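The file entry_30.cif comes next; it holds mmCIF, C-alpha atoms and all ligand atoms.
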data_start
loop_
_atom_site.label_atom_id
_atom_site.label_comp_id
_atom_site.auth_asym_id
_atom_site.auth_seq_id
_atom_site.Cartn_x
_atom_site.Cartn_y
_atom_site.Cartn_z
CA MET A 186 44.14 -54.95 40.06
CA LYS A 187 40.37 -54.41 39.62
CA LYS A 188 38.67 -51.63 41.51
CA VAL A 189 35.22 -52.08 43.00
CA LEU A 190 33.17 -49.36 44.70
CA VAL A 191 30.47 -50.42 47.16
CA ILE A 192 27.81 -47.82 47.96
CA HIS A 193 25.63 -48.68 50.95
CA TYR A 194 23.38 -47.39 53.71
CA SER A 195 21.61 -49.28 56.49
CA GLN A 196 19.54 -48.30 59.50
CA SER A 197 19.42 -51.54 61.51
CA GLY A 198 22.69 -52.92 60.17
CA GLN A 199 20.92 -55.63 58.14
CA LEU A 200 22.00 -54.33 54.75
CA SER A 201 25.54 -53.72 56.03
CA ASN A 202 25.66 -57.38 57.04
CA VAL A 203 24.45 -58.41 53.57
CA VAL A 204 27.07 -56.17 51.96
CA GLN A 205 29.82 -57.59 54.16
CA ASN A 206 29.00 -61.20 53.22
CA PHE A 207 28.48 -60.38 49.54
CA THR A 208 31.80 -58.60 49.22
CA GLN A 209 33.95 -60.86 51.46
CA PRO A 210 35.42 -62.86 48.52
CA LEU A 211 36.35 -59.58 46.79
CA VAL A 212 37.97 -58.23 49.95
CA ASP A 213 39.88 -61.52 50.39
CA SER A 214 41.17 -61.53 46.81
CA PRO A 215 44.66 -60.09 46.30
CA ASP A 216 43.55 -58.97 42.80
CA MET A 217 40.76 -56.68 44.01
CA SER A 218 40.71 -53.28 45.59
CA VAL A 219 37.37 -52.64 47.31
CA THR A 220 36.26 -49.19 48.46
CA PHE A 221 33.24 -48.94 50.77
CA GLU A 222 31.23 -45.74 50.82
CA ASN A 223 28.66 -45.48 53.59
CA ILE A 224 26.08 -42.90 52.55
CA ILE A 225 25.31 -40.35 55.25
CA PRO A 226 21.96 -38.75 54.38
CA GLY A 227 21.55 -34.99 54.27
CA VAL A 228 18.67 -35.29 56.76
CA ASP A 229 18.55 -37.60 59.73
CA TYR A 230 16.21 -40.61 59.36
CA PRO A 231 15.52 -42.02 62.83
CA PHE A 232 15.65 -45.69 63.76
CA PRO A 233 13.40 -46.84 65.31
CA TRP A 234 10.91 -44.61 63.56
CA PRO A 235 8.32 -42.54 65.41
CA PHE A 236 4.93 -43.52 63.94
CA PHE A 237 4.09 -40.21 62.22
CA ARG A 238 7.60 -39.65 60.95
CA PHE A 239 7.46 -43.10 59.34
CA LEU A 240 4.17 -42.37 57.56
CA ASP A 241 5.14 -38.82 56.68
CA THR A 242 8.15 -40.12 54.75
CA PHE A 243 6.13 -41.87 52.06
CA PRO A 244 5.24 -38.86 49.85
CA GLU A 245 8.91 -37.85 49.48
CA ALA A 246 10.02 -41.49 49.04
CA VAL A 247 7.49 -42.05 46.27
CA TYR A 248 8.35 -38.77 44.54
CA LEU A 249 12.11 -39.45 44.88
CA ASP A 250 12.49 -36.13 46.65
CA SER A 251 15.61 -36.38 48.76
CA PRO A 252 18.32 -33.94 49.78
CA PRO A 253 21.86 -34.90 48.70
CA PRO A 254 23.97 -36.86 51.19
CA LEU A 255 26.92 -35.39 53.09
CA PRO A 256 30.10 -35.28 50.98
CA LEU A 257 31.55 -38.70 50.15
CA LYS A 258 34.97 -39.94 51.24
CA VAL A 259 35.76 -41.31 47.79
CA ALA A 260 37.04 -38.85 45.16
CA GLU A 261 34.31 -38.13 42.59
CA ASP A 262 36.66 -38.61 39.66
CA GLU A 263 38.03 -41.98 40.78
CA ASP A 264 37.63 -44.66 38.13
CA PHE A 265 36.10 -48.03 39.14
CA ASP A 266 35.66 -51.27 37.17
CA LEU A 267 32.42 -52.13 38.94
CA ILE A 268 29.98 -50.41 41.28
CA ILE A 269 27.84 -52.32 43.76
CA LEU A 270 24.85 -50.29 44.89
CA ALA A 271 23.17 -51.73 47.99
CA TYR A 272 19.77 -50.34 48.85
CA GLN A 273 16.62 -51.04 50.84
CA VAL A 274 13.10 -50.25 49.71
CA TRP A 275 11.05 -47.49 51.33
CA PHE A 276 7.42 -47.33 50.22
CA LEU A 277 8.02 -49.19 46.96
CA SER A 278 10.85 -46.82 46.05
CA PRO A 279 14.60 -46.90 46.64
CA SER A 280 15.28 -45.55 50.15
CA LEU A 281 15.68 -41.77 50.33
CA PRO A 282 19.38 -41.78 51.31
CA ILE A 283 20.20 -43.82 48.19
CA THR A 284 17.92 -41.69 45.99
CA GLY A 285 19.68 -38.59 47.36
CA PHE A 286 23.03 -40.10 46.42
CA LEU A 287 21.88 -41.05 42.90
CA GLN A 288 20.68 -37.50 42.31
CA SER A 289 23.96 -35.96 43.49
CA PRO A 290 26.73 -34.62 41.22
CA ALA A 291 29.09 -37.22 42.78
CA ALA A 292 26.92 -40.09 41.49
CA ALA A 293 26.81 -38.52 38.03
CA LYS A 294 30.61 -38.68 37.89
CA LEU A 295 31.19 -42.02 39.63
CA LEU A 296 28.51 -44.00 37.79
CA LYS A 297 28.78 -42.57 34.28
CA GLY A 298 29.48 -45.38 31.82
CA LYS A 299 30.03 -47.93 34.61
CA PRO A 300 28.64 -51.45 35.14
CA VAL A 301 26.44 -51.51 38.25
CA ILE A 302 25.07 -54.33 40.39
CA THR A 303 22.09 -53.54 42.59
CA LEU A 304 21.83 -55.43 45.89
CA ILE A 305 18.47 -55.20 47.66
CA ALA A 306 17.42 -56.36 51.12
CA CYS A 307 13.81 -55.51 51.91
CA ARG A 308 10.53 -56.92 53.23
CA ASP A 309 9.46 -58.47 49.94
CA MET A 310 8.15 -55.71 47.68
CA TRP A 311 11.01 -54.49 45.51
CA LEU A 312 9.73 -54.64 41.92
CA MET A 313 8.55 -51.02 41.56
CA ALA A 314 11.60 -49.71 43.44
CA GLN A 315 13.85 -51.53 41.00
CA GLU A 316 11.94 -49.98 38.08
CA GLU A 317 12.74 -46.54 39.54
CA MET A 318 16.32 -47.65 40.06
CA LYS A 319 16.62 -48.77 36.42
CA THR A 320 15.44 -45.35 35.25
CA MET A 321 17.88 -43.50 37.53
CA LEU A 322 20.78 -45.70 36.40
CA HIS A 323 19.84 -45.21 32.76
CA ASP A 324 19.75 -41.43 33.27
CA LEU A 325 23.24 -41.64 34.79
CA ASP A 326 24.45 -43.57 31.73
CA ALA A 327 25.29 -46.58 33.93
CA THR A 328 24.65 -50.19 32.88
CA LEU A 329 22.80 -52.58 35.15
CA VAL A 330 24.67 -55.88 34.93
CA GLY A 331 23.17 -57.68 37.91
CA ASN A 332 20.51 -57.58 40.58
CA VAL A 333 20.26 -59.51 43.83
CA ALA A 334 17.10 -59.23 45.92
CA LEU A 335 16.91 -60.70 49.41
CA VAL A 336 13.54 -60.72 51.15
CA ASP A 337 12.32 -61.30 54.69
CA GLU A 338 12.03 -64.89 55.86
CA ALA A 339 8.54 -64.37 57.33
CA GLY A 340 6.92 -64.31 53.86
CA SER A 341 4.46 -61.76 52.49
CA ILE A 342 1.81 -62.11 55.19
CA GLY A 343 4.12 -62.54 58.19
CA SER A 344 6.39 -59.67 57.18
CA PHE A 345 3.43 -57.39 56.59
CA LEU A 346 3.21 -57.06 60.38
CA ALA A 347 6.77 -58.02 61.31
CA THR A 348 8.56 -55.30 59.30
CA PRO A 349 6.51 -52.33 60.61
CA ALA A 350 6.84 -53.79 64.14
CA TRP A 351 10.62 -53.91 63.63
CA VAL A 352 11.15 -50.45 62.17
CA LEU A 353 8.75 -48.80 64.67
CA SER A 354 10.18 -50.55 67.75
CA GLY A 355 13.76 -51.22 66.68
CA LYS A 356 13.25 -54.84 67.80
CA ARG A 357 13.30 -57.64 65.28
CA GLY A 358 10.94 -59.87 67.24
CA PRO A 359 9.23 -62.27 67.32
CA HIS A 360 6.57 -60.18 69.09
CA LEU A 361 3.42 -61.12 71.01
CA GLY A 362 4.64 -64.62 71.82
CA GLY A 363 5.31 -65.46 68.18
CA LEU A 364 2.06 -64.08 66.77
CA ILE A 365 4.17 -61.58 64.85
CA PRO A 366 7.18 -63.47 63.45
CA ARG A 367 10.81 -62.36 63.44
CA ALA A 368 11.46 -59.64 60.89
CA GLY A 369 14.29 -59.49 58.41
CA VAL A 370 16.19 -61.66 55.96
CA ALA A 371 17.12 -65.18 57.14
CA ASP A 372 20.69 -65.41 58.48
CA ALA A 373 21.46 -68.28 56.09
CA ASP A 374 20.41 -66.15 53.08
CA ILE A 375 22.74 -63.39 54.24
CA VAL A 376 25.72 -65.72 54.74
CA ASN A 377 25.05 -67.38 51.36
CA CYS A 378 25.55 -64.04 49.62
CA LYS A 379 29.22 -64.97 49.41
CA ARG A 380 28.42 -66.92 46.25
CA PHE A 381 27.84 -63.64 44.39
CA GLY A 382 31.17 -62.22 45.50
CA GLU A 383 32.88 -65.45 44.40
CA ARG A 384 31.31 -65.15 40.94
CA LEU A 385 32.50 -61.54 40.72
CA VAL A 386 36.06 -62.48 41.62
CA GLU A 387 35.98 -65.15 38.87
CA ARG A 388 34.66 -62.77 36.22
CA LEU A 389 36.82 -59.81 37.17
CA THR A 390 40.04 -61.85 37.27
CA ASP A 391 39.10 -63.49 33.93
CA ASN A 392 39.01 -60.05 32.38
CA THR A 393 35.76 -60.98 30.60
CA PRO A 394 33.48 -57.98 30.00
CA LEU A 395 30.78 -57.63 32.66
CA GLU A 396 27.58 -58.52 30.81
CA PRO A 397 24.03 -58.71 32.19
CA ASP A 398 24.40 -62.50 32.63
CA LEU A 399 26.96 -61.81 35.39
CA LEU A 400 24.89 -63.22 38.28
CA CYS A 401 22.64 -65.62 36.37
CA HIS A 402 22.00 -69.18 37.67
CA LEU A 403 22.81 -68.17 41.25
CA ASN A 404 19.24 -67.73 42.44
CA ALA A 405 19.80 -63.99 42.69
CA VAL A 406 16.13 -62.97 42.50
CA ARG A 407 12.76 -64.60 42.89
CA VAL A 408 9.84 -62.68 41.46
CA ASN A 409 6.70 -63.30 43.49
CA GLU A 410 4.03 -63.13 40.80
CA THR A 411 1.20 -62.60 43.28
CA LEU A 412 2.75 -59.24 44.18
CA ILE A 413 3.16 -57.77 40.68
CA ALA A 414 -0.37 -56.36 40.42
CA SER A 415 -0.48 -55.39 44.12
CA GLU A 416 2.74 -53.40 43.78
CA LYS A 417 1.44 -51.59 40.70
CA THR A 418 -1.86 -50.71 42.39
CA ALA A 419 -0.21 -49.68 45.66
CA ARG A 420 2.22 -47.48 43.77
CA ARG A 421 -0.59 -45.68 41.97
CA ALA A 422 -2.33 -45.10 45.32
CA PHE A 423 0.93 -43.87 46.91
CA ARG A 424 1.37 -41.36 44.10
CA LEU A 425 -2.17 -40.01 44.42
CA TRP A 426 -2.08 -39.66 48.21
CA GLY A 427 1.53 -38.49 48.06
CA LYS A 428 0.56 -35.69 45.68
CA LEU A 429 -2.25 -34.60 47.99
CA LEU A 430 0.01 -34.66 51.06
CA ARG A 431 2.79 -32.75 49.32
CA SER A 432 0.30 -30.06 48.32
CA LEU A 433 -0.50 -29.53 52.04
CA GLY A 434 3.05 -28.74 53.04
CA PRO A 435 6.58 -30.07 53.33
CA SER A 436 7.55 -33.19 55.27
CA GLY A 437 6.91 -32.60 58.98
CA SER A 438 4.08 -30.11 58.33
CA ILE A 439 1.28 -30.29 60.90
CA LYS A 440 -1.32 -29.99 58.08
CA ARG A 441 -0.33 -33.41 56.81
CA LYS A 442 -1.20 -35.25 60.04
CA PRO A 443 -5.02 -35.57 59.69
CA VAL A 444 -4.72 -36.68 56.06
CA LEU A 445 -2.06 -39.22 57.04
CA LEU A 446 -4.46 -40.64 59.62
CA ILE A 447 -7.25 -40.90 57.05
CA TYR A 448 -4.80 -42.56 54.71
CA VAL A 449 -3.89 -45.22 57.28
CA VAL A 450 -7.56 -46.07 57.78
CA PHE A 451 -8.07 -46.21 54.00
CA LEU A 452 -5.00 -48.39 53.54
CA THR A 453 -6.01 -50.83 56.27
CA ALA A 454 -9.53 -51.12 54.83
CA MET A 455 -8.09 -51.77 51.36
CA ILE A 456 -5.71 -54.42 52.66
CA LEU A 457 -8.44 -56.23 54.54
CA THR A 458 -10.97 -56.17 51.68
CA VAL A 459 -9.68 -55.37 48.21
CA VAL A 460 -6.37 -57.23 48.42
CA PRO A 461 -7.80 -60.68 49.39
CA LEU A 462 -10.57 -60.21 46.81
CA GLY A 463 -7.98 -59.37 44.15
CA ILE A 464 -5.92 -62.46 45.00
CA LEU A 465 -9.04 -64.63 44.80
CA ILE A 466 -10.04 -63.22 41.41
CA LYS A 467 -6.48 -63.67 40.12
CA LYS A 468 -6.52 -67.33 41.22
CA ILE A 469 -9.82 -67.91 39.41
CA ILE A 470 -8.64 -66.38 36.15
CA ALA A 471 -5.10 -67.82 36.44
CA PRO A 472 -5.46 -70.23 33.46
CA LEU A 473 -6.23 -67.25 31.18
CA THR A 474 -3.37 -65.06 32.40
CA ARG A 475 -0.60 -67.67 32.76
CA GLN A 476 1.29 -66.55 29.65
CA ARG A 477 1.19 -62.85 30.58
CA ILE A 478 2.32 -63.52 34.12
CA ALA A 479 5.22 -65.66 32.87
CA GLU A 480 6.29 -62.74 30.64
CA GLN A 481 6.05 -60.29 33.54
CA LYS A 482 8.08 -62.61 35.79
CA ALA A 483 10.79 -62.86 33.17
CA TYR A 484 10.82 -59.07 32.74
CA PHE A 485 11.09 -58.23 36.45
CA GLY A 486 13.65 -61.00 36.97
CA LYS A 487 16.10 -59.42 34.51
CA PRO A 488 19.04 -59.25 34.38
CA SER A 489 19.90 -61.93 36.94
CA GLY A 490 16.86 -64.24 36.98
CA SER A 491 17.80 -67.75 35.93
C1 LIG B 501 10.19 -46.11 55.83
C2 LIG B 501 10.29 -47.56 55.42
C3 LIG B 501 9.52 -48.02 54.36
C4 LIG B 501 9.64 -49.34 53.93
N1 LIG B 501 8.94 -49.76 52.82
C5 LIG B 501 9.17 -51.00 52.31
C6 LIG B 501 8.56 -51.40 51.09
O1 LIG B 501 7.81 -50.66 50.44
N2 LIG B 501 8.82 -52.64 50.61
C7 LIG B 501 9.64 -53.52 51.27
O2 LIG B 501 9.82 -54.63 50.79
N3 LIG B 501 10.25 -53.16 52.43
C8 LIG B 501 10.04 -51.93 52.95
N4 LIG B 501 10.69 -51.52 54.11
C9 LIG B 501 11.67 -52.45 54.76
C10 LIG B 501 13.11 -52.08 54.30
O3 LIG B 501 13.23 -52.26 52.91
C11 LIG B 501 14.20 -52.88 55.00
O4 LIG B 501 13.96 -54.25 54.88
C12 LIG B 501 14.31 -52.55 56.48
O5 LIG B 501 14.04 -51.19 56.73
C13 LIG B 501 15.70 -52.88 57.01
O6 LIG B 501 16.67 -52.11 56.30
P1 LIG B 501 18.01 -51.55 56.97
O7 LIG B 501 19.14 -52.42 56.47
O8 LIG B 501 18.16 -50.13 56.52
O9 LIG B 501 17.84 -51.65 58.44
C14 LIG B 501 10.53 -50.23 54.60
C15 LIG B 501 11.27 -49.76 55.70
C16 LIG B 501 11.15 -48.45 56.10
C17 LIG B 501 11.97 -47.97 57.26
#

Just dump the structure as C-alpha cells.
Amino acid sequence: MKKVLVIHYSQSGQLSNVVQNFTQPLVDSPDMSVTFENIIPGVDYPFPWPFFRFLDTFPEAVYLDSPPPLPLKVAEDEDFDLIILAYQVWFLSPSLPITGFLQSPAAAKLLKGKPVITLIACRDMWLMAQEEMKTMLHDLDATLVGNVALVDEAGSIGSFLATPAWVLSGKRGPHLGGLIPRAGVADADIVNCKRFGERLVERLTDNTPLEPDLLCHLNAVRVNETLIASEKTARRAFRLWGKLLRSLGPSGSIKRKPVLLIYVVFLTAMILTVVPLGILIKKIIAPLTRQRIAEQKAYFGKPSGS
C-alpha cells in the first residue's frame, strides 16, 4: 500500500475541484491510501475580497509573511510515499495559506526527504511563484518530482480583467454582457487532470523510484514566453512597493491606504503604456533572443515540461 498526502486550500472551490479530479485515480486504486489535508489559515482571508483588503495583501504575499495555519488533522510524524501540494498564486507568490503551511514545523516534518508534486491553478502568471516554491521545498529538504500548472481559459488579456472581477465579486462571470469573459480554468482542463493521477497510480504500483520525469509528456505545463520578462519586472516592482508599504505599518494599517491607491494608479499606467511597448520591442528583437527564450522556457518548464 502506497501512502499519498494531498495538501490543499481553495477559496472559490476551483482548486479543490482540480485536486479531486487529479487524485480520483489514486482514490479509486485499492493499492493507494490517500490523505487529504485542507489547510485552514491562521488568519481569515475573505472571499469575495473587499477591494482594499485584496490590495493590502500583496506586500505580505510577496514577502512570504504568513502566520502558520491551524493545527493539521494528519499526524506530523506520519510517513508518506508522495506529497501533492496544491496551491494558487497570489501576487506572483504562492498563496499565503500555503506559504504559512510550508513555514510551519508540521511541514518541516512531513516534507523532509519526500518527493513532492506541485499542482497549480491560477490566472496565468505562476513562474515566479514556482521559483519561490522551489526554494521553500529545497529548504525543507523535499524533492520536486513534478509540476502541473493549469491556467484560466480566458487567456492573458481576458483573465487580466476576469480574475479580479471574480475574486472581488465572487462571481465567475461573464460580466458586462460578455465584455469581461468567464474567469477560471476551463472545465475540460479540470476533468482531464485525471491523466496525472493515472500516471501516478502506474508509477507507484510499479515501485519505480519517483524521478523528476514523473509527469513528463502529459502536457503538464505550458510556459508562456511572453510573460517571463513581465513576471520578473512585476515581481521587482511588487518587492519595492511592498517594502515601502510594510514600513508604514502592518497589514490593515490605515497608513497604507493612500500609498495603495497611488500604487494602483501607477500599476494601471504601467500596464497601459510600458507593458504593450515592452511586448512590441520584444517582438522586434525576437530573432536575436530566440535562443535565450528557448533556454528560459526549458528552465521554467522543468521538471514536467515535455
Ligand atoms: C489575492 C489574489 C492574488 C492573485 N494573484 C494572482 C497572480 O499573481 N497570478 C495569477 O496567475 N493568479 C492570481 N490570482 C488568481 C488565483 O491564483 C486563483 O486562480 C483564484 O484566486 C482562484 O483560486 P481558488 O481555488 O482559491 O478559488 C490571485 C488571486 C487572489 C485572490

Contacts of Thr320 in chain A at 12 Å (all atoms listed in the file; same-chain gap of 2+ positions) as a count of residues only | 20

Just the residues within 12 Å of Val386 in chain A, please, counting only C-alpha atoms, with nothing from its chain fewer than 3 positions along; format it as JSON, numbers by chain.
-> {"A": [186, 187, 188, 189, 207, 208, 209, 210, 211, 212, 213, 214, 215, 216, 217, 218, 219, 267, 379, 380, 381, 382, 383, 389, 390, 391, 392, 393, 395, 399, 400]}

Enumerate, in order of chain and increasing residue number, the residues of chain A with an atom no farther than 9 Å from ligand LIG 501 (chain B), each with its shortest atom pair and distance in Å to one decimal, counting all atoms listed in the file, as CSV.
residue,atom,partner,partner_atom,distance
A:Tyr194,CA,B:LIG501,O8,6.5
A:Ser195,CA,B:LIG501,O8,3.6
A:Gln196,CA,B:LIG501,O8,3.8
A:Ser197,CA,B:LIG501,O9,3.5
A:Gly198,CA,B:LIG501,O7,5.2
A:Gln199,CA,B:LIG501,O7,4.0
A:Leu200,CA,B:LIG501,O7,3.8
A:Ser201,CA,B:LIG501,O7,6.5
A:Asn202,CA,B:LIG501,O7,8.2
A:Val203,CA,B:LIG501,O7,8.5
A:Tyr230,CA,B:LIG501,C17,8.7
A:Pro231,CA,B:LIG501,C17,8.9
A:Phe232,CA,B:LIG501,C17,7.8
A:Pro233,CA,B:LIG501,C17,8.3
A:Trp234,CA,B:LIG501,C17,7.2
A:Arg238,CA,B:LIG501,C1,8.6
A:Phe239,CA,B:LIG501,C1,5.4
A:Leu240,CA,B:LIG501,C1,7.3
A:Asp241,CA,B:LIG501,C1,8.9
A:Thr242,CA,B:LIG501,C1,6.4
A:Phe243,CA,B:LIG501,C1,7.0
A:Ala246,CA,B:LIG501,C1,8.2
A:Tyr272,CA,B:LIG501,O8,7.8
A:Gln273,CA,B:LIG501,O3,4.2
A:Val274,CA,B:LIG501,O3,3.8
A:Trp275,CA,B:LIG501,C3,3.4
A:Phe276,CA,B:LIG501,O1,3.4
A:Leu277,CA,B:LIG501,O1,3.8
A:Ser278,CA,B:LIG501,O1,6.6
A:Pro279,CA,B:LIG501,O3,8.4
A:Ser280,CA,B:LIG501,C2,7.5
A:Leu281,CA,B:LIG501,C1,8.9
A:Ile305,CA,B:LIG501,O3,8.0
A:Ala306,CA,B:LIG501,O4,5.5
A:Cys307,CA,B:LIG501,O4,3.2
A:Arg308,CA,B:LIG501,O2,3.4
A:Asp309,CA,B:LIG501,O2,3.9
A:Met310,CA,B:LIG501,O2,3.7
A:Trp311,CA,B:LIG501,O2,5.4
A:Leu312,CA,B:LIG501,O2,8.9
A:Met313,CA,B:LIG501,O1,8.9
A:Ala314,CA,B:LIG501,O1,8.0
A:Leu335,CA,B:LIG501,O4,9.0
A:Val336,CA,B:LIG501,O2,7.1
A:Asp337,CA,B:LIG501,O4,7.2
A:Ser344,CA,B:LIG501,O2,8.8
A:Thr348,CA,B:LIG501,C9,6.2
A:Pro349,CA,B:LIG501,C15,7.3
A:Trp351,CA,B:LIG501,C12,8.2
A:Val352,CA,B:LIG501,C17,5.6
A:Leu353,CA,B:LIG501,C17,8.1
A:Ala368,CA,B:LIG501,O4,8.5
A:Gly369,CA,B:LIG501,O4,6.3
A:Val370,CA,B:LIG501,O4,7.8
A:Glu416,CA,B:LIG501,O1,8.8

Prev. selection, C-alpha atoms, output as a PDB file, in the frame of the given file:
ATOM      1  CA  TYR A 194      23.380 -47.390  53.710  1.00  0.00           C
ATOM      2  CA  SER A 195      21.610 -49.280  56.490  1.00  0.00           C
ATOM      3  CA  GLN A 196      19.540 -48.300  59.500  1.00  0.00           C
ATOM      4  CA  SER A 197      19.420 -51.540  61.510  1.00  0.00           C
ATOM      5  CA  GLY A 198      22.690 -52.920  60.170  1.00  0.00           C
ATOM      6  CA  GLN A 199      20.920 -55.630  58.140  1.00  0.00           C
ATOM      7  CA  LEU A 200      22.000 -54.330  54.750  1.00  0.00           C
ATOM      8  CA  SER A 201      25.540 -53.720  56.030  1.00  0.00           C
ATOM      9  CA  ASN A 202      25.660 -57.380  57.040  1.00  0.00           C
ATOM     10  CA  VAL A 203      24.450 -58.410  53.570  1.00  0.00           C
ATOM     11  CA  TYR A 230      16.210 -40.610  59.360  1.00  0.00           C
ATOM     12  CA  PRO A 231      15.520 -42.020  62.830  1.00  0.00           C
ATOM     13  CA  PHE A 232      15.650 -45.690  63.760  1.00  0.00           C
ATOM     14  CA  PRO A 233      13.400 -46.840  65.310  1.00  0.00           C
ATOM     15  CA  TRP A 234      10.910 -44.610  63.560  1.00  0.00           C
ATOM     16  CA  ARG A 238       7.600 -39.650  60.950  1.00  0.00           C
ATOM     17  CA  PHE A 239       7.460 -43.100  59.340  1.00  0.00           C
ATOM     18  CA  LEU A 240       4.170 -42.370  57.560  1.00  0.00           C
ATOM     19  CA  ASP A 241       5.140 -38.820  56.680  1.00  0.00           C
ATOM     20  CA  THR A 242       8.150 -40.120  54.750  1.00  0.00           C
ATOM     21  CA  PHE A 243       6.130 -41.870  52.060  1.00  0.00           C
ATOM     22  CA  ALA A 246      10.020 -41.490  49.040  1.00  0.00           C
ATOM     23  CA  TYR A 272      19.770 -50.340  48.850  1.00  0.00           C
ATOM     24  CA  GLN A 273      16.620 -51.040  50.840  1.00  0.00           C
ATOM     25  CA  VAL A 274      13.100 -50.250  49.710  1.00  0.00           C
ATOM     26  CA  TRP A 275      11.050 -47.490  51.330  1.00  0.00           C
ATOM     27  CA  PHE A 276       7.420 -47.330  50.220  1.00  0.00           C
ATOM     28  CA  LEU A 277       8.020 -49.190  46.960  1.00  0.00           C
ATOM     29  CA  SER A 278      10.850 -46.820  46.050  1.00  0.00           C
ATOM     30  CA  PRO A 279      14.600 -46.900  46.640  1.00  0.00           C
ATOM     31  CA  SER A 280      15.280 -45.550  50.150  1.00  0.00           C
ATOM     32  CA  LEU A 281      15.680 -41.770  50.330  1.00  0.00           C
ATOM     33  CA  ILE A 305      18.470 -55.200  47.660  1.00  0.00           C
ATOM     34  CA  ALA A 306      17.420 -56.360  51.120  1.00  0.00           C
ATOM     35  CA  CYS A 307      13.810 -55.510  51.910  1.00  0.00           C
ATOM     36  CA  ARG A 308      10.530 -56.920  53.230  1.00  0.00           C
ATOM     37  CA  ASP A 309       9.460 -58.470  49.940  1.00  0.00           C
ATOM     38  CA  MET A 310       8.150 -55.710  47.680  1.00  0.00           C
ATOM     39  CA  TRP A 311      11.010 -54.490  45.510  1.00  0.00           C
ATOM     40  CA  LEU A 312       9.730 -54.640  41.920  1.00  0.00           C
ATOM     41  CA  MET A 313       8.550 -51.020  41.560  1.00  0.00           C
ATOM     42  CA  ALA A 314      11.600 -49.710  43.440  1.00  0.00           C
ATOM     43  CA  LEU A 335      16.910 -60.700  49.410  1.00  0.00           C
ATOM     44  CA  VAL A 336      13.540 -60.720  51.150  1.00  0.00           C
ATOM     45  CA  ASP A 337      12.320 -61.300  54.690  1.00  0.00           C
ATOM     46  CA  SER A 344       6.390 -59.670  57.180  1.00  0.00           C
ATOM     47  CA  THR A 348       8.560 -55.300  59.300  1.00  0.00           C
ATOM     48  CA  PRO A 349       6.510 -52.330  60.610  1.00  0.00           C
ATOM     49  CA  TRP A 351      10.620 -53.910  63.630  1.00  0.00           C
ATOM     50  CA  VAL A 352      11.150 -50.450  62.170  1.00  0.00           C
ATOM     51  CA  LEU A 353       8.750 -48.800  64.670  1.00  0.00           C
ATOM     52  CA  ALA A 368      11.460 -59.640  60.890  1.00  0.00           C
ATOM     53  CA  GLY A 369      14.290 -59.490  58.410  1.00  0.00           C
ATOM     54  CA  VAL A 370      16.190 -61.660  55.960  1.00  0.00           C
ATOM     55  CA  GLU A 416       2.740 -53.400  43.780  1.00  0.00           C
TER      56      GLU A 416
END

Residue contacts of range 454-467 of chain A (10 Å, only C-alpha atoms) excluding same-chain residues fewer than 2 positions away, as an MDAnalysis selection string | chainID A and resid 411:412 414:415 418:419 448:452 469:474

Extract, using all atoms listed in the file, all DNA, RNA and protein residues at most 10 Å from Asn332 in chain A, discarding same-chain residues fewer than 4 positions from it, and format them as a list in words.
-> Ile269, Leu270, Ala271, Val301, Ile302, Thr303, Leu304, Ile305, Gln315, Pro397, Leu399, Leu400, Cys401, Ala405, Val406, Gly486, Lys487, Pro488, Ser489 and Gly490 of chain A

Expected file contents, prior selection, C-alpha atoms, as a compact mmCIF listing (two decimals), in the frame of the given file:
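Done, and the output landed in out-v5.txt:
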# COMPACT_ATOMS: atom_id res chain seq x y z
CA ILE A 269 27.84 -52.32 43.76
CA LEU A 270 24.85 -50.29 44.89
CA ALA A 271 23.17 -51.73 47.99
CA VAL A 301 26.44 -51.51 38.25
CA ILE A 302 25.07 -54.33 40.39
CA THR A 303 22.09 -53.54 42.59
CA LEU A 304 21.83 -55.43 45.89
CA ILE A 305 18.47 -55.20 47.66
CA GLN A 315 13.85 -51.53 41.00
CA PRO A 397 24.03 -58.71 32.19
CA LEU A 399 26.96 -61.81 35.39
CA LEU A 400 24.89 -63.22 38.28
CA CYS A 401 22.64 -65.62 36.37
CA ALA A 405 19.80 -63.99 42.69
CA VAL A 406 16.13 -62.97 42.50
CA GLY A 486 13.65 -61.00 36.97
CA LYS A 487 16.10 -59.42 34.51
CA PRO A 488 19.04 -59.25 34.38
CA SER A 489 19.90 -61.93 36.94
CA GLY A 490 16.86 -64.24 36.98

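Note that the spacing between CA of Val330 in chain A and CA of Asp398 in chain A amounts to 7.0 Å.
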
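Minimum atom-to-atom distances from A:Asn206, A:Ala422, A:Leu403, A:Leu190 to Ala373 in chain A were compared using all atoms listed in the file, and the lowest value belongs to A:Asn206.
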
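Distances here use only C-alpha atoms; by that measure, the residue among A:Ala334, A:Leu425, A:Leu346, A:His193 closest to Leu361 in chain A is A:Leu346.
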
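Counting from CA of Ile225 in chain A, the distance to CA of Pro282 in chain A is 7.3 Å.
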
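Taking CA of Ser436 in chain A and CA of Val228 in chain A as endpoints, the distance between them is 11.4 Å.
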
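Closest approach to Gly434 in chain A among A:Gly358, A:Ile375, A:Glu245, A:Glu222: A:Glu245, based on all atoms listed in the file.
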
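Proximity of A:Gly363, A:Pro244, A:Pro235, A:Gly227 to Gly427 in chain A, computed with all atoms listed in the file, is greatest for A:Pro244.
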
Identify which of the residues A:Glu261, A:Asp372, A:Asp266, A:Asp250 lies closest to Gly285 in chain A, counting all atoms listed in the file when measuring atom-to-atom distances.
-> A:Asp250

Nearest residue to Asp374 in chain A from the set A:Thr220, A:Thr453, A:Asn409, A:Asn404 (distances using all atoms listed in the file) = A:Asn404

Can you report as lines of an AutoDock Vina configuration file the centre and edge lengths in Å, to one decimal, of an axis-aligned box around the listed atoms of range 307-321 of chain A padded with 5 Å on each side?
center_x = 13.0
center_y = -51.0
center_z = 44.2
size_x = 19.7
size_y = 25.0
size_z = 28.0
